[in-house]
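Asks: If you scroll down you'll find the structure; I have some questions about it.
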Amino acid sequence: MRIVDVREKTYPISSSIRNAYIDFSRMTLSLVAVVTDVVRDGRPVVGYGFNSNGRYGQGAMLRERFVPRLLEADPDGLLDDAGTLDPHRVWDAMMVNEKPGGHGERSVAVGTVDMAVWDAVAKIEEKPLYRLLAERYGDGEGDPRVFVYAAGGYYHPGQDLRALQEEMRGYTARGYSVVKKKIGGASLEEDRRRIEAVLEALEPGQRLAVDANGRFGRETALAYAEALEEYDPFWYEEPGDPLDFELQAEIGRRYSGALATGENLFSVQDARNLVRYGGMRPEKDWLQFDCALSYGLVEYLRILDMLRDHGWSPRRCIPHGGHQMSLAIAAGLGLGGNESYPDLFQPFGGFPDGTAVEDGYVTIPDLPGIGFEGKADLYAVMRELGER
Ligand SMILES: O=C([O-])CC(=O)C(=O)O
Ligand SMILES: [Mg+2]
């Protein structure tokens with residue numbers, strides 16, 4: 001078994017929305033295709049991967065470092081003892097001559113290739129990735145039914161409160177029970193009005209999470225914490241800078257509700273620092289590390305081991321990113337759920353066509369690999385790169 005080619009291309013996922021920190025007018029991502037010499041149904045098996053929104057395309061690094069290292073590696077050195085492509089050995093080959101630390105520089109590029117490798121490996125075994133993961137690292141079966149929440153509520157130019165309510169009703173009408181909106185891109189007073197408008201649009205049992213995208217300094221983060229006590233959100237996400245663990249810990253001491261963070265931590269070492277120093281509470285808080293930004297599933301497995309060693313259950317993990325890779329990990333390894341962007345970052349986000357959200361849960365269909373082939377608009381883009 002050989003990797004015969006690794007292709008990459010940058011695609012726009014731009015839109016006019018903004019969060020408290022950035023607008024998405026020039027947002028891009030990298031799509032990667034790992035082409036193997038294994039044939040299934042008369043065609044070479046191709047694995048696909050891409051990075052999540054927020055960190056832009058990774059073409060230069062892929063072309064200059066990670067793809068050449070893979071193609072120049074001894075092909076037998078990339079296989080496991082059964083002679084199948086081994087994602088851990090592929091990871092090691094990509095990381096040759098990389099110093100420790102500085103993870104965000106390269107963790108996104110590595111994560112895209114890692115996703116494609118896992119997709120290929122599961123397709124070669126002709127089973128859904130979630131089941132392969134459950135067999136290798138989990139309880140043997142996994143659970144294809146996964147909690148998902150609808151992320152939206154961005155600051156849209158010209159969107160008034162009524163339109164924000166319509167947006168949120170659009171999510172709950174599709175079966176979501178938890179919706180998320182941005183905060184920190186307006187004054188606290190205006191954000192209060194936006195929060196109250198959304199809460200008014202929700203039915204009993206439905207919840208709102210809020211996300212500040214790391215915008216706040218200490219005073220503002222604590223002022224929002226105090227204001228949020230009254231609204232009891234599902235969680236208060238990334239109040240301050242993602243690396244300010246002391247501030248995170250202080251908020252945890254003073255805010256009684258659930259906190260969530262981790263989407264901007266890109267390695268097991270960074271995740272461990274959050275757990276060691278960030279005062280996160282394993283009984284109520286949520287961890288959002290996203291494998292597609294942080295060296296892929298090979299590293300995410302290390303993160304899950306580290307969390308267990310520190311008394312955290314995988315159930316407290318609900319990854320950022322809204323992609324099917326984390327959906328498969330959630331189903332295979334018992335995470336608490338996954339993010340979903342029902343109307344954003346298309347065609348990359350979302351589920352296979354026809355997958356319904358019921359009471360806030362989706363059930364992953366039985367497709368080999370991650371399941372990209374079940375999403376027609378996404379697969380159309382992928383095959384242009386992978387099957388040319
Ligand atoms: O707006 C973004 O950058 C995405 C984000 O934080 C999220 O999905 O939690
Ligand atoms: Mg976020």
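Ordering of the structure tokens sets the chain letters (A, B, ...); residue numbers start at 1 within each chain; ligands are numbered from 1 in the order shown.
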Counting only C-alpha atoms and all ligand atoms, what residues are within 10 Å of ligand 2, given as a VMD selection string?

Replies: chain A and resid 19 54 151 180 to 182 210 to 214 236 to 239 260 to 264 288 319 to 321 339

Asks: If we count only C-alpha atoms and set the cut-off at 10 Å, which residues sit around stretch 11-13 of chain A, ignoring sequence neighbours fewer than 2 positions away in its own chain? Please answer as a list in words.

Replies: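 Using only C-alpha atoms, the neighbours found are Glu8, Lys9, Ser15, Phe24, Ser25, Arg26, Met27, Thr28, Leu29, Ser30, Leu31, Phe50, Asn53, Gly54, Tyr56, Gly57, Leu344, Phe345, Gln346, Pro347, Phe348 and Val381 of chain A.
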
Asks: Selected residues, C-alpha atoms, written as a PDB file, in the first residue's frame, please.

Replies:
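Everything below was put into again-v4.pdb:
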ATOM      1  CA  GLU A   8      -3.954  20.536  -1.959  1.00  0.00           C
ATOM      2  CA  LYS A   9      -5.937  23.567  -2.971  1.00  0.00           C
ATOM      3  CA  SER A  15     -19.037  35.766   3.888  1.00  0.00           C
ATOM      4  CA  PHE A  24     -14.941  36.449   7.329  1.00  0.00           C
ATOM      5  CA  SER A  25     -14.747  38.507   4.129  1.00  0.00           C
ATOM      6  CA  ARG A  26     -11.510  36.826   3.067  1.00  0.00           C
ATOM      7  CA  MET A  27     -11.736  33.504   4.897  1.00  0.00           C
ATOM      8  CA  THR A  28     -10.269  30.478   3.111  1.00  0.00           C
ATOM      9  CA  LEU A  29      -9.380  26.875   3.879  1.00  0.00           C
ATOM     10  CA  SER A  30      -7.170  24.157   2.449  1.00  0.00           C
ATOM     11  CA  LEU A  31      -8.624  20.999   0.981  1.00  0.00           C
ATOM     12  CA  PHE A  50      -9.689  20.231   5.256  1.00  0.00           C
ATOM     13  CA  ASN A  53     -12.887  28.064   9.481  1.00  0.00           C
ATOM     14  CA  GLY A  54     -10.877  30.703  11.261  1.00  0.00           C
ATOM     15  CA  TYR A  56      -7.145  30.335   6.439  1.00  0.00           C
ATOM     16  CA  GLY A  57      -5.588  28.110   3.751  1.00  0.00           C
ATOM     17  CA  LEU A 344     -22.299  28.821   7.131  1.00  0.00           C
ATOM     18  CA  PHE A 345     -18.955  27.817   5.622  1.00  0.00           C
ATOM     19  CA  GLN A 346     -20.576  25.689   2.939  1.00  0.00           C
ATOM     20  CA  PRO A 347     -20.062  23.277   1.342  1.00  0.00           C
ATOM     21  CA  PHE A 348     -17.464  22.128   3.898  1.00  0.00           C
ATOM     22  CA  VAL A 381     -15.623  19.940  -4.862  1.00  0.00           C
TER      23      VAL A 381
END

Asks: Let's see if you can do this: from backbone DSSP, list all strand (DSSP E or B) residues in stretch 124-205 of chain A, as a list in words.

Replies: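 Written out, the strand (DSSP E or B) residues of stretch 124-205 of chain A are Pro128, Arg145, Val146, Phe147, Val148, Tyr149, Ala150, Ala151, Tyr155, Val178, Val179, Lys180, Lys181 and Lys182 of chain A.
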
Asks: Compile the contact shell of A:Ser177 as a VMD selection string: residues with an atom at most 8 Å away, counting only C-alpha atoms, same-chain residues fewer than 2 positions apart removed.

Replies: chain A and resid 149 172 175 179 205 to 207 359 to 360

Asks: Those same residues, written as an mmCIF file, in the first residue's frame with N, CA, C and O atoms?

Replies:
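Ended up saving to selection17.cif:
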data_model
loop_
_atom_site.group_PDB
_atom_site.id
_atom_site.type_symbol
_atom_site.label_atom_id
_atom_site.label_comp_id
_atom_site.auth_asym_id
_atom_site.auth_seq_id
_atom_site.Cartn_x
_atom_site.Cartn_y
_atom_site.Cartn_z
ATOM 1 N N TYR A 149 -25.027 21.199 18.213
ATOM 2 C CA TYR A 149 -25.689 22.493 18.443
ATOM 3 C C TYR A 149 -25.468 23.391 17.236
ATOM 4 O O TYR A 149 -24.490 23.221 16.493
ATOM 5 N N THR A 172 -33.920 26.048 15.382
ATOM 6 C CA THR A 172 -34.741 25.183 16.235
ATOM 7 C C THR A 172 -35.801 24.455 15.399
ATOM 8 O O THR A 172 -36.135 23.301 15.683
ATOM 9 N N GLY A 175 -34.622 21.243 14.263
ATOM 10 C CA GLY A 175 -34.415 20.166 15.237
ATOM 11 C C GLY A 175 -33.328 20.425 16.263
ATOM 12 O O GLY A 175 -33.105 19.603 17.149
ATOM 13 N N VAL A 179 -28.674 26.625 20.509
ATOM 14 C CA VAL A 179 -28.175 27.524 19.469
ATOM 15 C C VAL A 179 -27.084 28.389 20.092
ATOM 16 O O VAL A 179 -27.017 28.531 21.315
ATOM 17 N N GLY A 205 -36.939 24.453 27.276
ATOM 18 C CA GLY A 205 -36.049 23.316 27.013
ATOM 19 C C GLY A 205 -34.975 23.637 25.996
ATOM 20 O O GLY A 205 -33.993 22.905 25.876
ATOM 21 N N GLN A 206 -35.129 24.709 25.225
ATOM 22 C CA GLN A 206 -34.091 25.098 24.272
ATOM 23 C C GLN A 206 -33.143 26.091 24.941
ATOM 24 O O GLN A 206 -33.565 26.865 25.796
ATOM 25 N N ARG A 207 -31.862 26.036 24.563
ATOM 26 C CA ARG A 207 -30.852 26.841 25.274
ATOM 27 C C ARG A 207 -30.032 27.671 24.299
ATOM 28 O O ARG A 207 -29.851 27.308 23.146
ATOM 29 N N ASP A 359 -34.370 16.415 18.118
ATOM 30 C CA ASP A 359 -34.158 16.749 19.535
ATOM 31 C C ASP A 359 -32.697 17.061 19.831
ATOM 32 O O ASP A 359 -32.167 16.666 20.870
ATOM 33 N N GLY A 360 -32.033 17.725 18.880
ATOM 34 C CA GLY A 360 -30.647 18.125 19.106
ATOM 35 C C GLY A 360 -29.614 17.052 18.810
ATOM 36 O O GLY A 360 -28.436 17.253 19.113
#

Asks: Of the residues A:Asp232, A:Glu167, A:Asp290, A:Glu72, which is the one nearest to A:Met325, using only C-alpha atoms?

Replies: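 Closest candidate: A:Asp290.
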
Asks: Stretch 207-354 of chain A: which residues are helix (DSSP H, G or I) by DSSP, as a PDB file with C-alpha atoms, in the first residue's frame?

Replies:
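What ended up in selection_29.pdb:
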ATOM      1  CA  ARG A 218     -10.391  41.255  32.503  1.00  0.00           C
ATOM      2  CA  GLU A 219     -12.937  43.937  33.360  1.00  0.00           C
ATOM      3  CA  THR A 220     -15.175  43.333  30.367  1.00  0.00           C
ATOM      4  CA  ALA A 221     -14.981  39.559  30.735  1.00  0.00           C
ATOM      5  CA  LEU A 222     -16.113  39.848  34.357  1.00  0.00           C
ATOM      6  CA  ALA A 223     -18.823  42.404  33.530  1.00  0.00           C
ATOM      7  CA  TYR A 224     -20.253  40.014  30.930  1.00  0.00           C
ATOM      8  CA  ALA A 225     -19.968  37.132  33.407  1.00  0.00           C
ATOM      9  CA  GLU A 226     -22.047  39.076  35.897  1.00  0.00           C
ATOM     10  CA  ALA A 227     -24.620  40.005  33.255  1.00  0.00           C
ATOM     11  CA  LEU A 228     -24.809  36.435  31.961  1.00  0.00           C
ATOM     12  CA  GLU A 229     -25.676  34.988  35.393  1.00  0.00           C
ATOM     13  CA  PHE A 245      -5.188  30.919  31.772  1.00  0.00           C
ATOM     14  CA  GLU A 246      -5.135  33.123  34.864  1.00  0.00           C
ATOM     15  CA  LEU A 247      -8.056  35.170  33.578  1.00  0.00           C
ATOM     16  CA  GLN A 248      -9.908  31.995  32.597  1.00  0.00           C
ATOM     17  CA  ALA A 249      -9.392  30.663  36.138  1.00  0.00           C
ATOM     18  CA  GLU A 250     -10.586  33.903  37.716  1.00  0.00           C
ATOM     19  CA  ILE A 251     -13.768  33.867  35.652  1.00  0.00           C
ATOM     20  CA  GLY A 252     -14.305  30.253  36.704  1.00  0.00           C
ATOM     21  CA  ARG A 253     -14.104  31.274  40.350  1.00  0.00           C
ATOM     22  CA  ARG A 254     -16.584  34.105  39.927  1.00  0.00           C
ATOM     23  CA  VAL A 268      -1.628  18.461  23.640  1.00  0.00           C
ATOM     24  CA  GLN A 269       0.845  20.692  25.483  1.00  0.00           C
ATOM     25  CA  ASP A 270      -1.376  23.779  25.144  1.00  0.00           C
ATOM     26  CA  ALA A 271      -4.466  21.772  26.106  1.00  0.00           C
ATOM     27  CA  ARG A 272      -2.621  20.465  29.159  1.00  0.00           C
ATOM     28  CA  ASN A 273      -1.748  23.998  30.223  1.00  0.00           C
ATOM     29  CA  LEU A 274      -5.418  24.946  30.056  1.00  0.00           C
ATOM     30  CA  VAL A 275      -6.332  21.972  32.215  1.00  0.00           C
ATOM     31  CA  ARG A 276      -3.475  22.612  34.635  1.00  0.00           C
ATOM     32  CA  TYR A 277      -3.763  26.387  34.977  1.00  0.00           C
ATOM     33  CA  GLY A 296      -5.400  16.079  13.634  1.00  0.00           C
ATOM     34  CA  LEU A 297      -6.763  12.998  15.346  1.00  0.00           C
ATOM     35  CA  VAL A 298      -3.333  11.527  16.138  1.00  0.00           C
ATOM     36  CA  GLU A 299      -2.811  14.500  18.459  1.00  0.00           C
ATOM     37  CA  TYR A 300      -6.449  14.510  19.606  1.00  0.00           C
ATOM     38  CA  LEU A 301      -6.004  10.944  20.865  1.00  0.00           C
ATOM     39  CA  ARG A 302      -3.108  12.228  22.971  1.00  0.00           C
ATOM     40  CA  ILE A 303      -5.318  15.044  24.233  1.00  0.00           C
ATOM     41  CA  LEU A 304      -8.029  12.572  25.262  1.00  0.00           C
ATOM     42  CA  ASP A 305      -5.430  10.480  27.155  1.00  0.00           C
ATOM     43  CA  MET A 306      -4.095  13.607  28.854  1.00  0.00           C
ATOM     44  CA  LEU A 307      -7.635  14.625  29.839  1.00  0.00           C
ATOM     45  CA  ARG A 308      -8.325  11.212  31.367  1.00  0.00           C
ATOM     46  CA  ASP A 309      -5.097  11.480  33.380  1.00  0.00           C
ATOM     47  CA  PRO A 314     -14.381  12.769  26.906  1.00  0.00           C
ATOM     48  CA  ARG A 315     -18.047  13.693  27.433  1.00  0.00           C
ATOM     49  CA  ARG A 316     -16.905  17.213  28.362  1.00  0.00           C
ATOM     50  CA  GLN A 324     -17.814  15.529   9.923  1.00  0.00           C
ATOM     51  CA  MET A 325     -14.388  14.484  11.219  1.00  0.00           C
ATOM     52  CA  SER A 326     -15.221  15.603  14.741  1.00  0.00           C
ATOM     53  CA  LEU A 327     -18.673  14.099  14.325  1.00  0.00           C
ATOM     54  CA  ALA A 328     -17.028  10.726  13.672  1.00  0.00           C
ATOM     55  CA  ILE A 329     -14.720  11.167  16.652  1.00  0.00           C
ATOM     56  CA  ALA A 330     -17.663  12.116  18.861  1.00  0.00           C
ATOM     57  CA  ALA A 331     -19.563   8.981  17.788  1.00  0.00           C
ATOM     58  CA  GLY A 332     -16.563   6.660  17.967  1.00  0.00           C
ATOM     59  CA  LEU A 333     -14.966   7.859  21.180  1.00  0.00           C
TER      60      LEU A 333
END
